[in-house]
Amino acid sequence: MRFDEIELQSVTLDADSSATAPPQPSSVSSFFRRAAALLIDLSLFAALGMALSPLLPSSMSAISIASLAGFLIIVAFYYFAGTRALWGRTIGGAIFDVRAVRTRRAAHR
């Protein structure tokens with residue numbers, strides 16, 4: 001059987017099952033894991049900036065440096081917003097098993 005000929009079987013999931021929740025990490029360890037995940041994500045953009053720096057003109061004017069910084073800021077925005085919207089975590093978050101937590105806010109009237 002080839003990989004594209006796999007037959008999937010349906011499975012029923014019981015939503016009311018009493019599954020035990022994993023233990024919550026302490027706030028200090030959670031802070032360090034989130035900080036390490038952010039450091040990994042920011043290092044990706046530092047590496048991208050260094051990889052793109054040979055494309056800048058040799059004069060290194062303020063406009064060319066600002067344009068590279070602006071490009072990196074736009075890419076970083078789409079990276080953080082896109083990965084958190086799609087998967088709930090960034091690459092650094094996947095390495096350190098950190099997920100963006102959605103909280104339910106009560107409507108204030």
# chains A, B, ... in the order shown; residues from 1 in each chain; ligands from 1
$ residues_around --residues "segment 62-78 of chain A" --least-positions-apart "6" --cutoff "8 Å" --atoms "only C-alpha atoms" --output "PyMOL selection string"
chain A and resi 45+48-49+52-53+56
$ atom_distance --atom1 "atom CA of Ile40 of chain A" --atom2 "atom CA of Leu86 of chain A"
19.0 Å
$ atom_distance --atom1 "atom CA of Tyr79 of chain A" --atom2 "atom CA of Leu55 of chain A"
21.8 Å
$ residues_around --residues "Ala35 of chain A" --least-positions-apart "6" --cutoff "10 Å" --atoms "only C-alpha atoms" --output "PyMOL selection string"
chain A and resi 29+41+92-93+96
$ select_by_dssp --residues "segment 35-99 of chain A" --states "alpha helix (DSSP H)" --output "PyMOL selection string"
chain A and resi 35-52+62-86+91-95
$ decode --residues "segment 73-105 of chain A" --atoms "N, CA, C and O atoms" --output "PDB file, in the first residue's frame"
ATOM      1  N   ILE A  73      11.023  44.669  10.683  1.00  0.00           N
ATOM      2  CA  ILE A  73       9.875  44.901  11.573  1.00  0.00           C
ATOM      3  C   ILE A  73       8.588  44.399  10.930  1.00  0.00           C
ATOM      4  O   ILE A  73       7.758  43.759  11.591  1.00  0.00           O
ATOM      5  N   ILE A  74       8.414  44.647   9.649  1.00  0.00           N
ATOM      6  CA  ILE A  74       7.210  44.175   8.960  1.00  0.00           C
ATOM      7  C   ILE A  74       7.183  42.649   8.909  1.00  0.00           C
ATOM      8  O   ILE A  74       6.150  42.018   9.171  1.00  0.00           O
ATOM      9  N   VAL A  75       8.311  42.024   8.587  1.00  0.00           N
ATOM     10  CA  VAL A  75       8.375  40.561   8.552  1.00  0.00           C
ATOM     11  C   VAL A  75       8.140  39.992   9.945  1.00  0.00           C
ATOM     12  O   VAL A  75       7.444  38.979  10.101  1.00  0.00           O
ATOM     13  N   ALA A  76       8.682  40.632  10.971  1.00  0.00           N
ATOM     14  CA  ALA A  76       8.488  40.150  12.344  1.00  0.00           C
ATOM     15  C   ALA A  76       7.018  40.242  12.742  1.00  0.00           C
ATOM     16  O   ALA A  76       6.493  39.331  13.401  1.00  0.00           O
ATOM     17  N   PHE A  77       6.344  41.312  12.350  1.00  0.00           N
ATOM     18  CA  PHE A  77       4.919  41.429  12.671  1.00  0.00           C
ATOM     19  C   PHE A  77       4.130  40.288  12.051  1.00  0.00           C
ATOM     20  O   PHE A  77       3.319  39.639  12.711  1.00  0.00           O
ATOM     21  N   TYR A  78       4.364  40.030  10.772  1.00  0.00           N
ATOM     22  CA  TYR A  78       3.645  38.946  10.109  1.00  0.00           C
ATOM     23  C   TYR A  78       4.039  37.588  10.684  1.00  0.00           C
ATOM     24  O   TYR A  78       3.212  36.681  10.753  1.00  0.00           O
ATOM     25  N   TYR A  79       5.274  37.436  11.090  1.00  0.00           N
ATOM     26  CA  TYR A  79       5.718  36.179  11.695  1.00  0.00           C
ATOM     27  C   TYR A  79       4.984  35.926  13.006  1.00  0.00           C
ATOM     28  O   TYR A  79       4.386  34.864  13.203  1.00  0.00           O
ATOM     29  N   PHE A  80       5.015  36.903  13.922  1.00  0.00           N
ATOM     30  CA  PHE A  80       4.384  36.706  15.224  1.00  0.00           C
ATOM     31  C   PHE A  80       2.867  36.597  15.099  1.00  0.00           C
ATOM     32  O   PHE A  80       2.250  35.713  15.692  1.00  0.00           O
ATOM     33  N   ALA A  81       2.249  37.489  14.324  1.00  0.00           N
ATOM     34  CA  ALA A  81       0.794  37.446  14.190  1.00  0.00           C
ATOM     35  C   ALA A  81       0.341  36.191  13.452  1.00  0.00           C
ATOM     36  O   ALA A  81      -0.628  35.540  13.853  1.00  0.00           O
ATOM     37  N   GLY A  82       1.046  35.833  12.404  1.00  0.00           N
ATOM     38  CA  GLY A  82       0.647  34.672  11.609  1.00  0.00           C
ATOM     39  C   GLY A  82       0.828  33.353  12.320  1.00  0.00           C
ATOM     40  O   GLY A  82      -0.071  32.504  12.312  1.00  0.00           O
ATOM     41  N   THR A  83       1.981  33.156  12.945  1.00  0.00           N
ATOM     42  CA  THR A  83       2.204  31.868  13.606  1.00  0.00           C
ATOM     43  C   THR A  83       1.321  31.710  14.827  1.00  0.00           C
ATOM     44  O   THR A  83       0.842  30.611  15.112  1.00  0.00           O
ATOM     45  N   ARG A  84       1.070  32.790  15.542  1.00  0.00           N
ATOM     46  CA  ARG A  84       0.168  32.671  16.706  1.00  0.00           C
ATOM     47  C   ARG A  84      -1.274  32.492  16.274  1.00  0.00           C
ATOM     48  O   ARG A  84      -2.041  31.815  16.945  1.00  0.00           O
ATOM     49  N   ALA A  85      -1.672  33.089  15.158  1.00  0.00           N
ATOM     50  CA  ALA A  85      -3.043  32.908  14.678  1.00  0.00           C
ATOM     51  C   ALA A  85      -3.257  31.507  14.123  1.00  0.00           C
ATOM     52  O   ALA A  85      -4.306  30.903  14.331  1.00  0.00           O
ATOM     53  N   LEU A  86      -2.267  30.978  13.417  1.00  0.00           N
ATOM     54  CA  LEU A  86      -2.421  29.663  12.808  1.00  0.00           C
ATOM     55  C   LEU A  86      -2.199  28.522  13.787  1.00  0.00           C
ATOM     56  O   LEU A  86      -2.995  27.589  13.868  1.00  0.00           O
ATOM     57  N   TRP A  87      -1.089  28.564  14.521  1.00  0.00           N
ATOM     58  CA  TRP A  87      -0.705  27.430  15.351  1.00  0.00           C
ATOM     59  C   TRP A  87      -0.723  27.719  16.844  1.00  0.00           C
ATOM     60  O   TRP A  87      -0.568  26.811  17.651  1.00  0.00           O
ATOM     61  N   GLY A  88      -0.848  28.968  17.239  1.00  0.00           N
ATOM     62  CA  GLY A  88      -0.857  29.294  18.656  1.00  0.00           C
ATOM     63  C   GLY A  88       0.514  29.352  19.277  1.00  0.00           C
ATOM     64  O   GLY A  88       0.645  29.533  20.482  1.00  0.00           O
ATOM     65  N   ARG A  89       1.552  29.187  18.490  1.00  0.00           N
ATOM     66  CA  ARG A  89       2.922  29.263  19.000  1.00  0.00           C
ATOM     67  C   ARG A  89       3.872  29.629  17.873  1.00  0.00           C
ATOM     68  O   ARG A  89       3.580  29.416  16.717  1.00  0.00           O
ATOM     69  N   THR A  90       4.998  30.190  18.256  1.00  0.00           N
ATOM     70  CA  THR A  90       6.035  30.523  17.291  1.00  0.00           C
ATOM     71  C   THR A  90       7.068  29.401  17.281  1.00  0.00           C
ATOM     72  O   THR A  90       6.910  28.398  17.975  1.00  0.00           O
ATOM     73  N   ILE A  91       8.139  29.561  16.533  1.00  0.00           N
ATOM     74  CA  ILE A  91       9.180  28.537  16.504  1.00  0.00           C
ATOM     75  C   ILE A  91       9.829  28.417  17.876  1.00  0.00           C
ATOM     76  O   ILE A  91      10.047  27.317  18.376  1.00  0.00           O
ATOM     77  N   GLY A  92      10.124  29.530  18.500  1.00  0.00           N
ATOM     78  CA  GLY A  92      10.675  29.490  19.856  1.00  0.00           C
ATOM     79  C   GLY A  92       9.701  28.876  20.842  1.00  0.00           C
ATOM     80  O   GLY A  92      10.078  28.153  21.754  1.00  0.00           O
ATOM     81  N   GLY A  93       8.422  29.149  20.658  1.00  0.00           N
ATOM     82  CA  GLY A  93       7.402  28.561  21.510  1.00  0.00           C
ATOM     83  C   GLY A  93       7.294  27.060  21.322  1.00  0.00           C
ATOM     84  O   GLY A  93       7.015  26.317  22.266  1.00  0.00           O
ATOM     85  N   ALA A  94       7.518  26.590  20.108  1.00  0.00           N
ATOM     86  CA  ALA A  94       7.498  25.152  19.855  1.00  0.00           C
ATOM     87  C   ALA A  94       8.709  24.468  20.484  1.00  0.00           C
ATOM     88  O   ALA A  94       8.605  23.353  20.987  1.00  0.00           O
ATOM     89  N   ILE A  95       9.849  25.136  20.473  1.00  0.00           N
ATOM     90  CA  ILE A  95      11.054  24.550  21.068  1.00  0.00           C
ATOM     91  C   ILE A  95      10.894  24.424  22.575  1.00  0.00           C
ATOM     92  O   ILE A  95      11.217  23.394  23.159  1.00  0.00           O
ATOM     93  N   PHE A  96      10.374  25.467  23.219  1.00  0.00           N
ATOM     94  CA  PHE A  96      10.244  25.466  24.673  1.00  0.00           C
ATOM     95  C   PHE A  96       8.838  25.087  25.146  1.00  0.00           C
ATOM     96  O   PHE A  96       8.518  25.240  26.314  1.00  0.00           O
ATOM     97  N   ASP A  97       8.000  24.604  24.239  1.00  0.00           N
ATOM     98  CA  ASP A  97       6.645  24.153  24.547  1.00  0.00           C
ATOM     99  C   ASP A  97       5.845  25.240  25.255  1.00  0.00           C
ATOM    100  O   ASP A  97       5.269  25.033  26.316  1.00  0.00           O
ATOM    101  N   VAL A  98       5.827  26.421  24.648  1.00  0.00           N
ATOM    102  CA  VAL A  98       5.083  27.568  25.170  1.00  0.00           C
ATOM    103  C   VAL A  98       3.979  27.870  24.179  1.00  0.00           C
ATOM    104  O   VAL A  98       4.213  27.950  22.977  1.00  0.00           O
ATOM    105  N   ARG A  99       2.777  28.040  24.668  1.00  0.00           N
ATOM    106  CA  ARG A  99       1.628  28.312  23.820  1.00  0.00           C
ATOM    107  C   ARG A  99       0.999  29.640  24.218  1.00  0.00           C
ATOM    108  O   ARG A  99       0.993  30.000  25.379  1.00  0.00           O
ATOM    109  N   ALA A 100       0.452  30.353  23.235  1.00  0.00           N
ATOM    110  CA  ALA A 100      -0.275  31.590  23.524  1.00  0.00           C
ATOM    111  C   ALA A 100      -1.604  31.202  24.154  1.00  0.00           C
ATOM    112  O   ALA A 100      -2.374  30.436  23.586  1.00  0.00           O
ATOM    113  N   VAL A 101      -1.872  31.718  25.331  1.00  0.00           N
ATOM    114  CA  VAL A 101      -3.080  31.366  26.063  1.00  0.00           C
ATOM    115  C   VAL A 101      -4.153  32.392  25.762  1.00  0.00           C
ATOM    116  O   VAL A 101      -3.943  33.594  25.909  1.00  0.00           O
ATOM    117  N   ARG A 102      -5.303  31.895  25.360  1.00  0.00           N
ATOM    118  CA  ARG A 102      -6.430  32.785  25.115  1.00  0.00           C
ATOM    119  C   ARG A 102      -7.289  32.823  26.359  1.00  0.00           C
ATOM    120  O   ARG A 102      -7.691  31.800  26.880  1.00  0.00           O
ATOM    121  N   THR A 103      -7.546  34.019  26.833  1.00  0.00           N
ATOM    122  CA  THR A 103      -8.387  34.167  28.016  1.00  0.00           C
ATOM    123  C   THR A 103      -9.744  34.673  27.592  1.00  0.00           C
ATOM    124  O   THR A 103      -9.871  35.465  26.662  1.00  0.00           O
ATOM    125  N   ARG A 104     -10.750  34.246  28.297  1.00  0.00           N
ATOM    126  CA  ARG A 104     -12.109  34.704  28.022  1.00  0.00           C
ATOM    127  C   ARG A 104     -12.388  35.916  28.906  1.00  0.00           C
ATOM    128  O   ARG A 104     -12.319  35.837  30.111  1.00  0.00           O
ATOM    129  N   ARG A 105     -12.676  37.023  28.274  1.00  0.00           N
ATOM    130  CA  ARG A 105     -12.937  38.248  29.029  1.00  0.00           C
ATOM    131  C   ARG A 105     -14.437  38.437  29.166  1.00  0.00           C
ATOM    132  O   ARG A 105     -15.192  38.242  28.220  1.00  0.00           O
TER     133      ARG A 105
END
